[in-house]
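Before any comments, here is the structure.
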Amino acid sequence: MTTQISNETYGVITGPSGRAMAQAMESSLSLAFQDHLTMERFASASYFANSIWFAERELRGFSEFYRQESINEQSHASQFADYLITRGQNISLQEIKSPKQNWVSIEELIAHSFQMERDVTTSLHQLYALAERSSDIRTTVFLDPTIESQLASEDEFAYLLGRVKFANNSRSSLLIIDGELSDGKITPRKTN
Ligand SMILES: [Fe+2]
């Protein structure tokens with residue numbers, strides 16, 4: 001596995017971007033970060049599409065929830081971009097595919113979101129394992145809070161999926177959930 005040291009001046013190594021770099025980053029880790037950045041941008045596009053889907057159906061609570069989720073995912077993408085810049089890496093934005101926009105039910109849409117969150121968590125775990133393999137502690141420290149908040153996202157979507165599943169396609173029940181989301185109520189239970 002190659003490390004990315006492209007130059008050295010006054011004992012300071014610089015990364016592929018030409019920026020001073022405190023510790024070289026493994027190429028495979030840098031590439032995996034680029035892929036993860038794309039994943040966050042795709043999640044943002046998907047949630048924006050979901051926000052539109054709900055807005056078209058007058059479900060403003062669901063629409064607002066997904067609008068905010070879309071913003072959150074874009075912010076995660078920015079965090080990853082900032083980290084790559086900090087580490088002296090070049091960022092090459094990849095093409096993102098069109099998100100799915102047709103759903104047979106609200107439950108199908110939310111189940112899909114839950115699976116997407118699960119895949120993001122898996123990707124973060126893979127980044128963590130790669131970082132550990134190259135003793136890149138800067139990266140594991142960066143990833144720790146991200147992985148923790150990702151677990152909270154999975155919990156949030158599991159909660160929403162459970163509520164929607166319980167509603168069993170009843171329009172009046174779904175309107176109650178939509179009202180809760182309008183009021184910003186999306187906090188899963190607390191048992192302590
Ligand atoms: Fe994210």
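Going by the structure tokens order, chains are called A, B, ..., each with residues numbered from 1, while ligands are numbered from 1 in the order shown.
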Determine which residues of chain A DSSP labels as strand (DSSP E) from the backbone of this structure, then write them out as a PDB file with N, CA, C and O atoms, in the first residue's frame.
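And here's selection.pdb as it stands now:
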ATOM      1  N   ASN A   7       6.171  15.587  -1.704  1.00  0.00           N
ATOM      2  CA  ASN A   7       7.239  16.575  -1.646  1.00  0.00           C
ATOM      3  C   ASN A   7       7.677  16.758  -0.199  1.00  0.00           C
ATOM      4  O   ASN A   7       6.984  16.354   0.726  1.00  0.00           O
ATOM      5  N   GLU A   8       8.842  17.380  -0.012  1.00  0.00           N
ATOM      6  CA  GLU A   8       9.283  17.679   1.344  1.00  0.00           C
ATOM      7  C   GLU A   8      10.135  18.938   1.318  1.00  0.00           C
ATOM      8  O   GLU A   8      11.100  19.036   0.565  1.00  0.00           O
ATOM      9  N   THR A   9       9.720  19.956   2.081  1.00  0.00           N
ATOM     10  CA  THR A   9      10.475  21.202   2.180  1.00  0.00           C
ATOM     11  C   THR A   9      10.653  21.554   3.646  1.00  0.00           C
ATOM     12  O   THR A   9       9.672  21.542   4.392  1.00  0.00           O
ATOM     13  N   VAL A  12       9.024  19.520   6.097  1.00  0.00           N
ATOM     14  CA  VAL A  12       7.547  19.425   6.115  1.00  0.00           C
ATOM     15  C   VAL A  12       7.097  18.667   4.867  1.00  0.00           C
ATOM     16  O   VAL A  12       7.402  19.068   3.745  1.00  0.00           O
ATOM     17  N   ILE A  13       6.371  17.577   5.071  1.00  0.00           N
ATOM     18  CA  ILE A  13       5.878  16.847   3.899  1.00  0.00           C
ATOM     19  C   ILE A  13       4.572  17.490   3.426  1.00  0.00           C
ATOM     20  O   ILE A  13       3.828  18.079   4.214  1.00  0.00           O
ATOM     21  N   THR A  14       4.344  17.404   2.130  1.00  0.00           N
ATOM     22  CA  THR A  14       3.090  17.943   1.588  1.00  0.00           C
ATOM     23  C   THR A  14       2.302  16.814   0.932  1.00  0.00           C
ATOM     24  O   THR A  14       2.867  15.854   0.416  1.00  0.00           O
TER      25      THR A  14
END
Which residues come within 12 Å of region 24-26 of chain A, counting only C-alpha atoms, excluding same-chain residues fewer than 5 positions away, as a PDB file with all heavy atoms, in the first residue's frame?
ATOM      1  N   MET A   1       0.844  -1.199   0.000  1.00  0.00           N
ATOM      2  CA  MET A   1       0.000   0.000   0.000  1.00  0.00           C
ATOM      3  C   MET A   1       0.883   1.255   0.000  1.00  0.00           C
ATOM      4  O   MET A   1       1.805   1.355   0.801  1.00  0.00           O
ATOM      5  CB  MET A   1      -0.887  -0.012   1.235  1.00  0.00           C
ATOM      6  CG  MET A   1      -2.258   0.517   0.955  1.00  0.00           C
ATOM      7  SD  MET A   1      -3.421   0.036   2.245  1.00  0.00           S
ATOM      8  CE  MET A   1      -3.655  -1.699   1.883  1.00  0.00           C
ATOM      9  N   THR A   2       0.605   2.181  -0.890  1.00  0.00           N
ATOM     10  CA  THR A   2       1.476   3.359  -0.983  1.00  0.00           C
ATOM     11  C   THR A   2       0.983   4.484  -0.089  1.00  0.00           C
ATOM     12  O   THR A   2      -0.200   4.634   0.147  1.00  0.00           O
ATOM     13  CB  THR A   2       1.511   3.895  -2.428  1.00  0.00           C
ATOM     14  OG1 THR A   2       0.176   4.122  -2.839  1.00  0.00           O
ATOM     15  CG2 THR A   2       2.191   2.944  -3.367  1.00  0.00           C
ATOM     16  N   THR A   3       1.937   5.261   0.418  1.00  0.00           N
ATOM     17  CA  THR A   3       1.548   6.458   1.155  1.00  0.00           C
ATOM     18  C   THR A   3       1.781   7.642   0.222  1.00  0.00           C
ATOM     19  O   THR A   3       2.584   7.565  -0.704  1.00  0.00           O
ATOM     20  CB  THR A   3       2.394   6.626   2.437  1.00  0.00           C
ATOM     21  OG1 THR A   3       3.753   6.448   2.111  1.00  0.00           O
ATOM     22  CG2 THR A   3       1.994   5.624   3.487  1.00  0.00           C
ATOM     23  N   GLN A   4       1.050   8.711   0.499  1.00  0.00           N
ATOM     24  CA  GLN A   4       1.068   9.830  -0.442  1.00  0.00           C
ATOM     25  C   GLN A   4       1.953  10.974   0.020  1.00  0.00           C
ATOM     26  O   GLN A   4       1.473  11.972   0.539  1.00  0.00           O
ATOM     27  CB  GLN A   4      -0.355  10.338  -0.651  1.00  0.00           C
ATOM     28  CG  GLN A   4      -1.256   9.269  -1.222  1.00  0.00           C
ATOM     29  CD  GLN A   4      -2.670   9.765  -1.335  1.00  0.00           C
ATOM     30  OE1 GLN A   4      -3.106  10.599  -0.551  1.00  0.00           O
ATOM     31  NE2 GLN A   4      -3.383   9.265  -2.308  1.00  0.00           N
ATOM     32  N   ILE A   5       3.255  10.818  -0.162  1.00  0.00           N
ATOM     33  CA  ILE A   5       4.172  11.913   0.145  1.00  0.00           C
ATOM     34  C   ILE A   5       4.702  12.411  -1.185  1.00  0.00           C
ATOM     35  O   ILE A   5       5.422  11.717  -1.884  1.00  0.00           O
ATOM     36  CB  ILE A   5       5.337  11.449   1.025  1.00  0.00           C
ATOM     37  CG1 ILE A   5       4.804  10.806   2.317  1.00  0.00           C
ATOM     38  CG2 ILE A   5       6.254  12.610   1.372  1.00  0.00           C
ATOM     39  CD1 ILE A   5       5.841  10.111   3.146  1.00  0.00           C
ATOM     40  N   SER A   6       4.286  13.605  -1.591  1.00  0.00           N
ATOM     41  CA  SER A   6       4.697  14.063  -2.907  1.00  0.00           C
ATOM     42  C   SER A   6       5.880  15.023  -2.858  1.00  0.00           C
ATOM     43  O   SER A   6       6.539  15.252  -3.851  1.00  0.00           O
ATOM     44  CB  SER A   6       3.512  14.719  -3.627  1.00  0.00           C
ATOM     45  OG  SER A   6       2.980  15.742  -2.836  1.00  0.00           O
ATOM     46  N   ASN A   7       6.171  15.587  -1.704  1.00  0.00           N
ATOM     47  CA  ASN A   7       7.239  16.575  -1.646  1.00  0.00           C
ATOM     48  C   ASN A   7       7.677  16.758  -0.199  1.00  0.00           C
ATOM     49  O   ASN A   7       6.984  16.354   0.726  1.00  0.00           O
ATOM     50  CB  ASN A   7       6.739  17.912  -2.211  1.00  0.00           C
ATOM     51  CG  ASN A   7       7.877  18.726  -2.780  1.00  0.00           C
ATOM     52  OD1 ASN A   7       9.050  18.393  -2.581  1.00  0.00           O
ATOM     53  ND2 ASN A   7       7.543  19.789  -3.482  1.00  0.00           N
ATOM     54  N   GLU A   8       8.842  17.380  -0.012  1.00  0.00           N
ATOM     55  CA  GLU A   8       9.283  17.679   1.344  1.00  0.00           C
ATOM     56  C   GLU A   8      10.135  18.938   1.318  1.00  0.00           C
ATOM     57  O   GLU A   8      11.100  19.036   0.565  1.00  0.00           O
ATOM     58  CB  GLU A   8      10.091  16.499   1.908  1.00  0.00           C
ATOM     59  CG  GLU A   8      10.485  16.724   3.347  1.00  0.00           C
ATOM     60  CD  GLU A   8      11.139  15.500   3.985  1.00  0.00           C
ATOM     61  OE1 GLU A   8      10.888  14.377   3.523  1.00  0.00           O
ATOM     62  OE2 GLU A   8      11.894  15.707   4.948  1.00  0.00           O
ATOM     63  N   VAL A  12       9.024  19.520   6.097  1.00  0.00           N
ATOM     64  CA  VAL A  12       7.547  19.425   6.115  1.00  0.00           C
ATOM     65  C   VAL A  12       7.097  18.667   4.867  1.00  0.00           C
ATOM     66  O   VAL A  12       7.402  19.068   3.745  1.00  0.00           O
ATOM     67  CB  VAL A  12       6.904  20.836   6.129  1.00  0.00           C
ATOM     68  CG1 VAL A  12       5.377  20.737   6.026  1.00  0.00           C
ATOM     69  CG2 VAL A  12       7.304  21.587   7.387  1.00  0.00           C
ATOM     70  N   ILE A  13       6.371  17.577   5.071  1.00  0.00           N
ATOM     71  CA  ILE A  13       5.878  16.847   3.899  1.00  0.00           C
ATOM     72  C   ILE A  13       4.572  17.490   3.426  1.00  0.00           C
ATOM     73  O   ILE A  13       3.828  18.079   4.214  1.00  0.00           O
ATOM     74  CB  ILE A  13       5.672  15.338   4.187  1.00  0.00           C
ATOM     75  CG1 ILE A  13       4.722  15.123   5.374  1.00  0.00           C
ATOM     76  CG2 ILE A  13       7.001  14.658   4.432  1.00  0.00           C
ATOM     77  CD1 ILE A  13       4.289  13.674   5.533  1.00  0.00           C
ATOM     78  N   THR A  14       4.344  17.404   2.130  1.00  0.00           N
ATOM     79  CA  THR A  14       3.090  17.943   1.588  1.00  0.00           C
ATOM     80  C   THR A  14       2.302  16.814   0.932  1.00  0.00           C
ATOM     81  O   THR A  14       2.867  15.854   0.416  1.00  0.00           O
ATOM     82  CB  THR A  14       3.353  19.060   0.557  1.00  0.00           C
ATOM     83  OG1 THR A  14       4.286  18.577  -0.404  1.00  0.00           O
ATOM     84  CG2 THR A  14       3.907  20.305   1.210  1.00  0.00           C
ATOM     85  N   GLY A  15       0.998  16.956   0.951  1.00  0.00           N
ATOM     86  CA  GLY A  15       0.126  15.938   0.381  1.00  0.00           C
ATOM     87  C   GLY A  15      -0.099  16.171  -1.099  1.00  0.00           C
ATOM     88  O   GLY A  15       0.453  17.116  -1.677  1.00  0.00           O
ATOM     89  N   PRO A  16      -0.938  15.328  -1.729  1.00  0.00           N
ATOM     90  CA  PRO A  16      -1.236  15.474  -3.159  1.00  0.00           C
ATOM     91  C   PRO A  16      -1.762  16.869  -3.514  1.00  0.00           C
ATOM     92  O   PRO A  16      -1.570  17.344  -4.623  1.00  0.00           O
ATOM     93  CB  PRO A  16      -2.306  14.410  -3.407  1.00  0.00           C
ATOM     94  CG  PRO A  16      -2.094  13.403  -2.333  1.00  0.00           C
ATOM     95  CD  PRO A  16      -1.602  14.160  -1.134  1.00  0.00           C
ATOM     96  N   SER A  17      -2.406  17.559  -2.568  1.00  0.00           N
ATOM     97  CA  SER A  17      -2.948  18.888  -2.867  1.00  0.00           C
ATOM     98  C   SER A  17      -1.879  19.972  -2.765  1.00  0.00           C
ATOM     99  O   SER A  17      -2.132  21.123  -3.106  1.00  0.00           O
ATOM    100  CB  SER A  17      -4.102  19.222  -1.908  1.00  0.00           C
ATOM    101  OG  SER A  17      -3.598  19.449  -0.599  1.00  0.00           O
ATOM    102  N   ARG A  19      -0.610  20.845   0.110  1.00  0.00           N
ATOM    103  CA  ARG A  19      -0.757  21.414   1.452  1.00  0.00           C
ATOM    104  C   ARG A  19       0.150  20.666   2.432  1.00  0.00           C
ATOM    105  O   ARG A  19       0.394  19.466   2.271  1.00  0.00           O
ATOM    106  CB  ARG A  19      -2.214  21.240   1.873  1.00  0.00           C
ATOM    107  CG  ARG A  19      -2.722  22.264   2.853  1.00  0.00           C
ATOM    108  CD  ARG A  19      -4.258  22.204   2.884  1.00  0.00           C
ATOM    109  NE  ARG A  19      -4.771  23.240   3.768  1.00  0.00           N
ATOM    110  CZ  ARG A  19      -4.962  23.050   5.057  1.00  0.00           C
ATOM    111  NH1 ARG A  19      -4.703  21.888   5.605  1.00  0.00           N
ATOM    112  NH2 ARG A  19      -5.431  24.036   5.799  1.00  0.00           N
ATOM    113  N   LEU A  31      -8.926   7.121  -0.970  1.00  0.00           N
ATOM    114  CA  LEU A  31      -9.924   6.765  -1.993  1.00  0.00           C
ATOM    115  C   LEU A  31     -11.246   6.353  -1.346  1.00  0.00           C
ATOM    116  O   LEU A  31     -12.328   6.702  -1.830  1.00  0.00           O
ATOM    117  CB  LEU A  31      -9.397   5.630  -2.888  1.00  0.00           C
ATOM    118  CG  LEU A  31      -8.271   6.035  -3.842  1.00  0.00           C
ATOM    119  CD1 LEU A  31      -7.693   4.810  -4.543  1.00  0.00           C
ATOM    120  CD2 LEU A  31      -8.764   7.054  -4.883  1.00  0.00           C
ATOM    121  N   ALA A  32     -11.149   5.613  -0.255  1.00  0.00           N
ATOM    122  CA  ALA A  32     -12.373   5.184   0.437  1.00  0.00           C
ATOM    123  C   ALA A  32     -13.112   6.408   1.007  1.00  0.00           C
ATOM    124  O   ALA A  32     -14.347   6.446   1.023  1.00  0.00           O
ATOM    125  CB  ALA A  32     -12.026   4.196   1.547  1.00  0.00           C
ATOM    126  N   PHE A  33     -12.364   7.424   1.433  1.00  0.00           N
ATOM    127  CA  PHE A  33     -12.990   8.666   1.906  1.00  0.00           C
ATOM    128  C   PHE A  33     -13.741   9.362   0.772  1.00  0.00           C
ATOM    129  O   PHE A  33     -14.816   9.904   0.970  1.00  0.00           O
ATOM    130  CB  PHE A  33     -11.922   9.606   2.494  1.00  0.00           C
ATOM    131  CG  PHE A  33     -11.913   9.611   4.005  1.00  0.00           C
ATOM    132  CD1 PHE A  33     -11.336   8.576   4.717  1.00  0.00           C
ATOM    133  CD2 PHE A  33     -12.488  10.649   4.715  1.00  0.00           C
ATOM    134  CE1 PHE A  33     -11.338   8.571   6.106  1.00  0.00           C
ATOM    135  CE2 PHE A  33     -12.495  10.662   6.109  1.00  0.00           C
ATOM    136  CZ  PHE A  33     -11.917   9.620   6.806  1.00  0.00           C
ATOM    137  N   TYR A  83     -12.194  17.424   6.154  1.00  0.00           N
ATOM    138  CA  TYR A  83     -11.170  16.534   6.720  1.00  0.00           C
ATOM    139  C   TYR A  83     -10.110  16.181   5.671  1.00  0.00           C
ATOM    140  O   TYR A  83      -8.912  16.179   5.963  1.00  0.00           O
ATOM    141  CB  TYR A  83     -11.820  15.260   7.288  1.00  0.00           C
ATOM    142  CG  TYR A  83     -10.789  14.363   7.936  1.00  0.00           C
ATOM    143  CD1 TYR A  83     -10.176  14.746   9.130  1.00  0.00           C
ATOM    144  CD2 TYR A  83     -10.384  13.175   7.334  1.00  0.00           C
ATOM    145  CE1 TYR A  83      -9.197  13.955   9.714  1.00  0.00           C
ATOM    146  CE2 TYR A  83      -9.410  12.375   7.919  1.00  0.00           C
ATOM    147  CZ  TYR A  83      -8.822  12.775   9.112  1.00  0.00           C
ATOM    148  OH  TYR A  83      -7.845  11.997   9.685  1.00  0.00           O
ATOM    149  N   LEU A  84     -10.568  15.900   4.456  1.00  0.00           N
ATOM    150  CA  LEU A  84      -9.602  15.560   3.388  1.00  0.00           C
ATOM    151  C   LEU A  84      -8.678  16.746   3.096  1.00  0.00           C
ATOM    152  O   LEU A  84      -7.481  16.568   2.856  1.00  0.00           O
ATOM    153  CB  LEU A  84     -10.342  15.114   2.121  1.00  0.00           C
ATOM    154  CG  LEU A  84     -10.956  13.709   2.194  1.00  0.00           C
ATOM    155  CD1 LEU A  84     -11.867  13.457   0.996  1.00  0.00           C
ATOM    156  CD2 LEU A  84      -9.860  12.635   2.244  1.00  0.00           C
ATOM    157  N   ILE A  85      -9.229  17.955   3.127  1.00  0.00           N
ATOM    158  CA  ILE A  85      -8.400  19.159   2.915  1.00  0.00           C
ATOM    159  C   ILE A  85      -7.371  19.271   4.038  1.00  0.00           C
ATOM    160  O   ILE A  85      -6.185  19.500   3.796  1.00  0.00           O
ATOM    161  CB  ILE A  85      -9.284  20.430   2.838  1.00  0.00           C
ATOM    162  CG1 ILE A  85     -10.124  20.420   1.563  1.00  0.00           C
ATOM    163  CG2 ILE A  85      -8.422  21.698   2.893  1.00  0.00           C
ATOM    164  CD1 ILE A  85     -11.236  21.449   1.512  1.00  0.00           C
ATOM    165  N   THR A  86      -7.852  19.071   5.280  1.00  0.00           N
ATOM    166  CA  THR A  86      -6.948  19.129   6.438  1.00  0.00           C
ATOM    167  C   THR A  86      -5.782  18.164   6.277  1.00  0.00           C
ATOM    168  O   THR A  86      -4.649  18.466   6.665  1.00  0.00           O
ATOM    169  CB  THR A  86      -7.733  18.760   7.730  1.00  0.00           C
ATOM    170  OG1 THR A  86      -8.791  19.688   7.889  1.00  0.00           O
ATOM    171  CG2 THR A  86      -6.853  18.808   8.969  1.00  0.00           C
ATOM    172  N   ARG A  87      -6.069  17.006   5.679  1.00  0.00           N
ATOM    173  CA  ARG A  87      -5.043  15.981   5.540  1.00  0.00           C
ATOM    174  C   ARG A  87      -4.241  16.103   4.245  1.00  0.00           C
ATOM    175  O   ARG A  87      -3.513  15.186   3.854  1.00  0.00           O
ATOM    176  CB  ARG A  87      -5.688  14.586   5.649  1.00  0.00           C
ATOM    177  CG  ARG A  87      -6.262  14.273   7.022  1.00  0.00           C
ATOM    178  CD  ARG A  87      -5.195  14.190   8.113  1.00  0.00           C
ATOM    179  NE  ARG A  87      -4.163  13.229   7.793  1.00  0.00           N
ATOM    180  CZ  ARG A  87      -4.222  11.934   8.093  1.00  0.00           C
ATOM    181  NH1 ARG A  87      -5.249  11.477   8.756  1.00  0.00           N
ATOM    182  NH2 ARG A  87      -3.235  11.113   7.752  1.00  0.00           N
ATOM    183  N   GLY A  88      -4.415  17.218   3.547  1.00  0.00           N
ATOM    184  CA  GLY A  88      -3.601  17.471   2.351  1.00  0.00           C
ATOM    185  C   GLY A  88      -3.997  16.672   1.116  1.00  0.00           C
ATOM    186  O   GLY A  88      -3.213  16.539   0.175  1.00  0.00           O
ATOM    187  N   GLN A  89      -5.238  16.135   1.135  1.00  0.00           N
ATOM    188  CA  GLN A  89      -5.682  15.302   0.013  1.00  0.00           C
ATOM    189  C   GLN A  89      -6.427  16.123  -1.041  1.00  0.00           C
ATOM    190  O   GLN A  89      -7.059  17.134  -0.712  1.00  0.00           O
ATOM    191  CB  GLN A  89      -6.623  14.194   0.522  1.00  0.00           C
ATOM    192  CG  GLN A  89      -6.021  13.341   1.615  1.00  0.00           C
ATOM    193  CD  GLN A  89      -4.747  12.644   1.160  1.00  0.00           C
ATOM    194  OE1 GLN A  89      -4.764  11.879   0.204  1.00  0.00           O
ATOM    195  NE2 GLN A  89      -3.638  12.913   1.828  1.00  0.00           N
ATOM    196  N   ASN A  90      -6.361  15.657  -2.279  1.00  0.00           N
ATOM    197  CA  ASN A  90      -7.177  16.249  -3.334  1.00  0.00           C
ATOM    198  C   ASN A  90      -8.587  15.678  -3.240  1.00  0.00           C
ATOM    199  O   ASN A  90      -8.764  14.522  -2.872  1.00  0.00           O
ATOM    200  CB  ASN A  90      -6.615  15.886  -4.720  1.00  0.00           C
ATOM    201  CG  ASN A  90      -5.422  16.748  -5.066  1.00  0.00           C
ATOM    202  OD1 ASN A  90      -5.388  17.926  -4.729  1.00  0.00           O
ATOM    203  ND2 ASN A  90      -4.447  16.171  -5.749  1.00  0.00           N
ATOM    204  N   LEU A 127     -14.068   2.472   6.796  1.00  0.00           N
ATOM    205  CA  LEU A 127     -13.057   3.534   6.880  1.00  0.00           C
ATOM    206  C   LEU A 127     -12.260   3.384   8.178  1.00  0.00           C
ATOM    207  O   LEU A 127     -11.035   3.533   8.197  1.00  0.00           O
ATOM    208  CB  LEU A 127     -13.717   4.920   6.862  1.00  0.00           C
ATOM    209  CG  LEU A 127     -14.383   5.380   5.561  1.00  0.00           C
ATOM    210  CD1 LEU A 127     -15.039   6.740   5.767  1.00  0.00           C
ATOM    211  CD2 LEU A 127     -13.375   5.455   4.425  1.00  0.00           C
ATOM    212  N   LEU A 130      -9.783   0.546   7.930  1.00  0.00           N
ATOM    213  CA  LEU A 130      -8.643   0.931   7.077  1.00  0.00           C
ATOM    214  C   LEU A 130      -7.697   1.858   7.836  1.00  0.00           C
ATOM    215  O   LEU A 130      -6.475   1.729   7.753  1.00  0.00           O
ATOM    216  CB  LEU A 130      -9.147   1.663   5.821  1.00  0.00           C
ATOM    217  CG  LEU A 130      -9.606   0.825   4.635  1.00  0.00           C
ATOM    218  CD1 LEU A 130     -10.211   1.733   3.567  1.00  0.00           C
ATOM    219  CD2 LEU A 130      -8.438   0.037   4.049  1.00  0.00           C
ATOM    220  N   ALA A 131      -8.287   2.802   8.583  1.00  0.00           N
ATOM    221  CA  ALA A 131      -7.476   3.754   9.344  1.00  0.00           C
ATOM    222  C   ALA A 131      -6.670   3.029  10.419  1.00  0.00           C
ATOM    223  O   ALA A 131      -5.486   3.304  10.624  1.00  0.00           O
ATOM    224  CB  ALA A 131      -8.371   4.817   9.974  1.00  0.00           C
ATOM    225  N   GLU A 132      -7.305   2.071  11.079  1.00  0.00           N
ATOM    226  CA  GLU A 132      -6.606   1.314  12.132  1.00  0.00           C
ATOM    227  C   GLU A 132      -5.443   0.515  11.546  1.00  0.00           C
ATOM    228  O   GLU A 132      -4.373   0.435  12.145  1.00  0.00           O
ATOM    229  CB  GLU A 132      -7.580   0.374  12.838  1.00  0.00           C
ATOM    230  CG  GLU A 132      -8.401   1.095  13.893  1.00  0.00           C
ATOM    231  CD  GLU A 132      -9.186   0.137  14.778  1.00  0.00           C
ATOM    232  OE1 GLU A 132      -9.658  -0.890  14.248  1.00  0.00           O
ATOM    233  OE2 GLU A 132      -9.346   0.423  15.956  1.00  0.00           O
ATOM    234  N   ARG A 133      -5.690  -0.045  10.359  1.00  0.00           N
ATOM    235  CA  ARG A 133      -4.668  -0.869   9.707  1.00  0.00           C
ATOM    236  C   ARG A 133      -3.410  -0.051   9.414  1.00  0.00           C
ATOM    237  O   ARG A 133      -2.307  -0.569   9.422  1.00  0.00           O
ATOM    238  CB  ARG A 133      -5.232  -1.462   8.410  1.00  0.00           C
ATOM    239  CG  ARG A 133      -4.717  -2.862   8.123  1.00  0.00           C
ATOM    240  CD  ARG A 133      -5.395  -3.458   6.914  1.00  0.00           C
ATOM    241  NE  ARG A 133      -6.838  -3.602   7.077  1.00  0.00           N
ATOM    242  CZ  ARG A 133      -7.696  -3.719   6.081  1.00  0.00           C
ATOM    243  NH1 ARG A 133      -7.283  -3.669   4.837  1.00  0.00           N
ATOM    244  NH2 ARG A 133      -8.971  -3.866   6.314  1.00  0.00           N
ATOM    245  N   SER A 134      -3.579   1.265   9.146  1.00  0.00           N
ATOM    246  CA  SER A 134      -2.402   2.088   8.853  1.00  0.00           C
ATOM    247  C   SER A 134      -2.023   2.979  10.039  1.00  0.00           C
ATOM    248  O   SER A 134      -1.327   3.974   9.859  1.00  0.00           O
ATOM    249  CB  SER A 134      -2.635   2.923   7.586  1.00  0.00           C
ATOM    250  OG  SER A 134      -3.793   3.707   7.717  1.00  0.00           O
ATOM    251  N   SER A 135      -2.521   2.616  11.223  1.00  0.00           N
ATOM    252  CA  SER A 135      -2.239   3.379  12.456  1.00  0.00           C
ATOM    253  C   SER A 135      -2.520   4.870  12.275  1.00  0.00           C
ATOM    254  O   SER A 135      -1.768   5.714  12.756  1.00  0.00           O
ATOM    255  CB  SER A 135      -0.779   3.186  12.884  1.00  0.00           C
ATOM    256  OG  SER A 135      -0.510   1.838  13.083  1.00  0.00           O
ATOM    257  N   ASP A 136      -3.589   5.178  11.555  1.00  0.00           N
ATOM    258  CA  ASP A 136      -3.961   6.573  11.300  1.00  0.00           C
ATOM    259  C   ASP A 136      -4.934   7.030  12.397  1.00  0.00           C
ATOM    260  O   ASP A 136      -6.156   7.054  12.206  1.00  0.00           O
ATOM    261  CB  ASP A 136      -4.594   6.684   9.903  1.00  0.00           C
ATOM    262  CG  ASP A 136      -4.697   8.115   9.418  1.00  0.00           C
ATOM    263  OD1 ASP A 136      -4.888   9.013  10.266  1.00  0.00           O
ATOM    264  OD2 ASP A 136      -4.597   8.341   8.204  1.00  0.00           O
ATOM    265  N   ILE A 137      -4.360   7.400  13.536  1.00  0.00           N
ATOM    266  CA  ILE A 137      -5.192   7.753  14.698  1.00  0.00           C
ATOM    267  C   ILE A 137      -5.979   9.046  14.447  1.00  0.00           C
ATOM    268  O   ILE A 137      -7.086   9.218  14.944  1.00  0.00           O
ATOM    269  CB  ILE A 137      -4.325   7.899  15.983  1.00  0.00           C
ATOM    270  CG1 ILE A 137      -3.441   6.661  16.180  1.00  0.00           C
ATOM    271  CG2 ILE A 137      -5.187   8.138  17.218  1.00  0.00           C
ATOM    272  CD1 ILE A 137      -4.183   5.359  16.353  1.00  0.00           C
ATOM    273  N   ARG A 138      -5.389   9.956  13.650  1.00  0.00           N
ATOM    274  CA  ARG A 138      -6.121  11.202  13.330  1.00  0.00           C
ATOM    275  C   ARG A 138      -7.488  10.848  12.732  1.00  0.00           C
ATOM    276  O   ARG A 138      -8.494  11.479  13.028  1.00  0.00           O
ATOM    277  CB  ARG A 138      -5.322  12.048  12.340  1.00  0.00           C
ATOM    278  CG  ARG A 138      -4.132  12.745  12.969  1.00  0.00           C
ATOM    279  CD  ARG A 138      -3.335  13.543  11.947  1.00  0.00           C
ATOM    280  NE  ARG A 138      -2.278  14.314  12.594  1.00  0.00           N
ATOM    281  CZ  ARG A 138      -1.126  13.794  12.982  1.00  0.00           C
ATOM    282  NH1 ARG A 138      -0.855  12.518  12.769  1.00  0.00           N
ATOM    283  NH2 ARG A 138      -0.230  14.550  13.581  1.00  0.00           N
ATOM    284  N   THR A 139      -7.481   9.834  11.870  1.00  0.00           N
ATOM    285  CA  THR A 139      -8.734   9.471  11.213  1.00  0.00           C
ATOM    286  C   THR A 139      -9.703   8.770  12.170  1.00  0.00           C
ATOM    287  O   THR A 139     -10.906   9.048  12.141  1.00  0.00           O
ATOM    288  CB  THR A 139      -8.445   8.577   9.983  1.00  0.00           C
ATOM    289  OG1 THR A 139      -7.693   9.358   9.049  1.00  0.00           O
ATOM    290  CG2 THR A 139      -9.717   8.111   9.313  1.00  0.00           C
TER     291      THR A 139
END
Worksheet item: Hey, which of A:Leu160, A:Leu37, A:Ile177, A:Ile91 ends up closest to ligand 1? Count only C-alpha atoms and all ligand atoms.
Response: A:Leu37
Item to complete: Give me, please, the distance in Å between CA of Pro188 (chain A) and CA of Gln150 (chain A), quoted to one decimal.
Response: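 These two atoms are separated by 14.4 Å.
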Worksheet entry | chain A: residues DSSP assigns to helix (DSSP H, G or I), reported as a PyMOL selection string | chain A and resi 27-56+60-86+106-133+137-167+171-182
Discussion item. Give me, as a PyMOL selection string, all polymer residues having an atom no more than 10 Å from Arg60 (chain A), counting only C-alpha atoms and skipping those fewer than 3 positions away in the same chain.
Written reply: chain A and resi 51-52+54-57+63-66+175+178-179+181-182
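Candidate residues A:Glu154, A:Leu59, A:Asp82, A:Arg118 were compared for distance to Glu180 (chain A), and the nearest is A:Leu59, using only C-alpha atoms.
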Discussion item. Residues near His112 (chain A), anyone? I mean within 10 Å using only C-alpha atoms, not counting same-chain ones fewer than 3 positions away, as a PyMOL selection string.
Written reply: chain A and resi 100+103+106-109+115-118+157+161
Discussion item. With distances taken over only C-alpha atoms, which residue among A:Asn168, A:Arg67, A:Gly11, A:Tyr128 lies nearest Phe48 (chain A)?
Written reply: A:Arg67
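With CA of Lys190 (chain A) on one side and CA of Tyr47 (chain A) on the other, the separation reads 26.3 Å.
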Item to complete: Rank A:Gln34, A:Thr122, A:Asn50, A:Gln68 by their smallest atom-to-atom distance to Pro99 (chain A), using only C-alpha atoms, and report the top residue only.
Response: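 Among the listed residues, A:Asn50 lies closest to Pro99 (chain A).
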Item to complete: Find, counting only C-alpha atoms, the residue in A:Arg163, A:Gln126, A:Asn169, A:Glu156 that gets nearest to Ser105 (chain A).
Response: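 Smallest distance to Ser105 (chain A) is found for A:Asn169.
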Item to complete: To one decimal in Å, tell me the separation between CA of Gln101 (chain A) and CA of Ala49 (chain A).
Response: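 CA of Gln101 (chain A) sits 6.3 Å away from CA of Ala49 (chain A).
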